[in-house]
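**Student:** Pasting model_12.pdb here (PDB, C-alpha atoms):
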MODEL        1
ATOM      1  CA  MET A   1     -19.696 -20.506   7.657  1.00  0.00           C
ATOM      2  CA  ALA A   2     -20.663 -22.330  10.845  1.00  0.00           C
ATOM      3  CA  GLU A   3     -22.131 -25.170   8.772  1.00  0.00           C
ATOM      4  CA  SER A   4     -18.816 -25.411   6.917  1.00  0.00           C
ATOM      5  CA  GLY A   5     -16.951 -26.030  10.158  1.00  0.00           C
ATOM      6  CA  TYR A   6     -16.071 -22.487  11.112  1.00  0.00           C
ATOM      7  CA  PRO A   7     -18.312 -21.569  14.052  1.00  0.00           C
ATOM      8  CA  GLY A   8     -18.023 -17.976  15.177  1.00  0.00           C
ATOM      9  CA  PHE A   9     -16.401 -16.866  11.921  1.00  0.00           C
ATOM     10  CA  GLU A  10     -17.352 -13.306  11.050  1.00  0.00           C
ATOM     11  CA  LEU A  11     -16.448 -11.498   7.872  1.00  0.00           C
ATOM     12  CA  THR A  12     -17.457  -7.903   7.376  1.00  0.00           C
ATOM     13  CA  THR A  13     -16.435  -5.008   5.205  1.00  0.00           C
ATOM     14  CA  ASP A  14     -15.646  -1.877   7.117  1.00  0.00           C
ATOM     15  CA  PHE A  15     -15.448   1.642   5.804  1.00  0.00           C
ATOM     16  CA  VAL A  16     -13.363   3.702   8.187  1.00  0.00           C
ATOM     17  CA  LEU A  17     -12.681   7.400   8.070  1.00  0.00           C
ATOM     18  CA  MET A  18      -9.103   8.047   9.146  1.00  0.00           C
ATOM     19  CA  ALA A  19      -6.946  11.089   9.671  1.00  0.00           C
ATOM     20  CA  PRO A  20      -3.182  11.260   9.210  1.00  0.00           C
ATOM     21  CA  GLY A  21      -1.042  10.066  12.093  1.00  0.00           C
ATOM     22  CA  GLY A  22      -0.191  12.857  14.471  1.00  0.00           C
ATOM     23  CA  THR A  23      -3.491  14.702  13.972  1.00  0.00           C
ATOM     24  CA  PRO A  24      -4.150  16.531  17.256  1.00  0.00           C
ATOM     25  CA  ASP A  25      -6.660  14.849  19.589  1.00  0.00           C
ATOM     26  CA  ASP A  26      -8.915  17.917  19.651  1.00  0.00           C
ATOM     27  CA  ILE A  27      -9.256  17.722  15.855  1.00  0.00           C
ATOM     28  CA  ILE A  28      -9.986  13.984  16.038  1.00  0.00           C
ATOM     29  CA  ASP A  29     -12.622  14.624  18.716  1.00  0.00           C
ATOM     30  CA  LEU A  30     -14.214  17.389  16.621  1.00  0.00           C
ATOM     31  CA  LEU A  31     -14.318  15.178  13.527  1.00  0.00           C
ATOM     32  CA  GLN A  32     -15.806  12.304  15.493  1.00  0.00           C
ATOM     33  CA  ARG A  33     -18.552  14.493  16.987  1.00  0.00           C
ATOM     34  CA  GLU A  34     -19.452  16.113  13.673  1.00  0.00           C
ATOM     35  CA  ILE A  35     -19.468  12.875  11.698  1.00  0.00           C
ATOM     36  CA  ARG A  36     -21.482  11.060  14.359  1.00  0.00           C
ATOM     37  CA  GLN A  37     -24.031  13.885  14.301  1.00  0.00           C
ATOM     38  CA  GLY A  38     -24.221  13.638  10.510  1.00  0.00           C
ATOM     39  CA  ILE A  39     -24.739   9.875  10.386  1.00  0.00           C
ATOM     40  CA  ASP A  40     -27.061   9.719  13.375  1.00  0.00           C
ATOM     41  CA  THR A  41     -30.094  10.884  11.444  1.00  0.00           C
ATOM     42  CA  GLN A  42     -33.018   8.708  10.466  1.00  0.00           C
ATOM     43  CA  GLU A  43     -32.668   9.721   6.819  1.00  0.00           C
ATOM     44  CA  ILE A  44     -29.074   8.501   6.642  1.00  0.00           C
ATOM     45  CA  LYS A  45     -29.863   5.313   8.566  1.00  0.00           C
ATOM     46  CA  ASP A  46     -32.773   4.582   6.213  1.00  0.00           C
ATOM     47  CA  ARG A  47     -30.690   5.215   3.082  1.00  0.00           C
ATOM     48  CA  PHE A  48     -27.922   2.938   4.242  1.00  0.00           C
ATOM     49  CA  SER A  49     -30.233   0.191   5.497  1.00  0.00           C
ATOM     50  CA  GLN A  50     -31.869   0.041   2.047  1.00  0.00           C
ATOM     51  CA  GLN A  51     -28.450  -1.095   0.827  1.00  0.00           C
ATOM     52  CA  ASP A  52     -27.978  -3.546   3.732  1.00  0.00           C
ATOM     53  CA  ILE A  53     -25.355  -1.286   5.279  1.00  0.00           C
ATOM     54  CA  TRP A  54     -25.370  -0.882   9.027  1.00  0.00           C
ATOM     55  CA  ILE A  55     -23.764   2.197  10.483  1.00  0.00           C
ATOM     56  CA  VAL A  56     -21.640   1.431  13.512  1.00  0.00           C
ATOM     57  CA  ALA A  57     -20.143   4.583  14.914  1.00  0.00           C
ATOM     58  CA  SER A  58     -17.229   3.876  17.201  1.00  0.00           C
ATOM     59  CA  THR A  59     -14.448   5.666  18.971  1.00  0.00           C
ATOM     60  CA  PRO A  60     -10.934   5.896  17.559  1.00  0.00           C
ATOM     61  CA  ALA A  61      -9.775   3.360  20.170  1.00  0.00           C
ATOM     62  CA  GLU A  62     -12.554   0.908  19.241  1.00  0.00           C
ATOM     63  CA  THR A  63     -11.735   1.280  15.558  1.00  0.00           C
ATOM     64  CA  ALA A  64      -8.021   0.733  16.165  1.00  0.00           C
ATOM     65  CA  ALA A  65      -8.813  -2.417  18.178  1.00  0.00           C
ATOM     66  CA  ARG A  66     -11.068  -3.734  15.402  1.00  0.00           C
ATOM     67  CA  ILE A  67      -8.350  -3.154  12.796  1.00  0.00           C
ATOM     68  CA  LYS A  68      -5.752  -4.848  15.010  1.00  0.00           C
ATOM     69  CA  THR A  69      -8.042  -7.865  15.494  1.00  0.00           C
ATOM     70  CA  GLY A  70      -8.645  -8.096  11.743  1.00  0.00           C
ATOM     71  CA  ASP A  71      -4.932  -7.870  11.002  1.00  0.00           C
ATOM     72  CA  ALA A  72      -4.232 -10.731  13.411  1.00  0.00           C
ATOM     73  CA  LEU A  73      -7.024 -12.840  11.903  1.00  0.00           C
ATOM     74  CA  TRP A  74      -5.792 -12.446   8.330  1.00  0.00           C
ATOM     75  CA  ALA A  75      -2.133 -12.863   9.276  1.00  0.00           C
ATOM     76  CA  ASN A  76      -3.142 -16.199  10.801  1.00  0.00           C
ATOM     77  CA  VAL A  77      -5.104 -17.175   7.676  1.00  0.00           C
ATOM     78  CA  VAL A  78      -2.088 -16.387   5.483  1.00  0.00           C
ATOM     79  CA  LYS A  79       0.215 -18.347   7.794  1.00  0.00           C
ATOM     80  CA  GLN A  80      -2.055 -21.393   8.021  1.00  0.00           C
ATOM     81  CA  THR A  81      -2.767 -21.564   4.297  1.00  0.00           C
ATOM     82  CA  GLY A  82       0.699 -20.643   3.087  1.00  0.00           C
ATOM     83  CA  MET A  83      -0.689 -17.945   0.806  1.00  0.00           C
ATOM     84  CA  LYS A  84       1.851 -15.917  -1.124  1.00  0.00           C
ATOM     85  CA  ALA A  85       1.562 -12.560  -2.863  1.00  0.00           C
ATOM     86  CA  GLU A  86       1.984 -12.781  -6.623  1.00  0.00           C
TER      87      GLU A  86
ENDMDL
END
Please, can you express the file's structure as structure tokens?
**Tutor:**
Amino acid sequence: MAESGYPGFELTTDFVLMAPGGTPDDIIDLLQREIRQGIDTQEIKDRFSQQDIWIVASTPAETAARIKTGDALWANVVKQTGMKAE
């Protein structure tokens, strides 16, 4: 992308586990701890890396910020290109 005139452009696919809005914080914390423990094993890391998938465990706040940044990026792309839903 940099060679095409877009330095710093990053495009990734994220798989995010979410809970319904209003889920109590203690439940969110429990889910985060348990899931992180499950994915933080060498076996899981090896399986995913064989498929060129990198596990990036993050906090709910970090995930929300990443989603917000992505939304802003794509809203800008739509605005600049004039894309329309069909």
**Student:** Might you pull out every residue within 10 Å of range 50-58 of chain A, with only C-alpha atoms counted and same-chain residues fewer than 3 positions away left off, and present them as a list of chain:residue names?
**Tutor:**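 So, after excluding close chain neighbours, the residues are A:Thr13, A:Asp14, A:Phe15, A:Val16, A:Gln32, A:Ile35, A:Arg36, A:Ile39, A:Asp40, A:Ile44, A:Lys45, A:Asp46, A:Arg47, A:Ala61, A:Glu62, A:Thr63, A:Ala64, A:Arg66.
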**Student:** How far is it from CA of Thr81 in chain A to CA of Ala65 in chain A, in Å with one decimal?
**Tutor:**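 Atom-to-atom, CA of Thr81 in chain A and CA of Ala65 in chain A are spaced 24.4 Å apart.
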**Student:** If I take CA of Leu17 in chain A and CA of Gln37 in chain A, how far is one from the other in Å, to one decimal?
**Tutor:**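 About the pair CA of Leu17 in chain A and CA of Gln37 in chain A: they are 14.5 Å apart.
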**Student:** Have a look at CA of Met83 in chain A and CA of Glu3 in chain A and let me know their distance in Å, one decimal.
**Tutor:**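 Distance between the two atoms: 24.0 Å.
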**Student:** Spell out the residues picked by the PyMOL selection byres ((chain A and resi 10) around 12) here, as a PyMOL selection string.
**Tutor:** chain A and resi 1-2+6-9+11-13+69-70+73-74
**Student:** Using the file's own x, y and z axes, so that the box edges lie along x, y and z, what centre and edge lengths in Å (one decimal) does a box around every listed atom of range 49-61 of chain A get when 6 Å is added on each side? Give it as AutoDock Vina command-line options.
**Tutor:**
--center_x -20.8 --center_y 1.2 --center_z 10.5 --size_x 34.1 --size_y 21.4 --size_z 31.3
**Student:** Counting all atoms listed in the file, which residue out of A:Gln42, A:Ala85, A:Pro60, A:Val78 sits closest to Met18 in chain A?
**Tutor:** A:Pro60
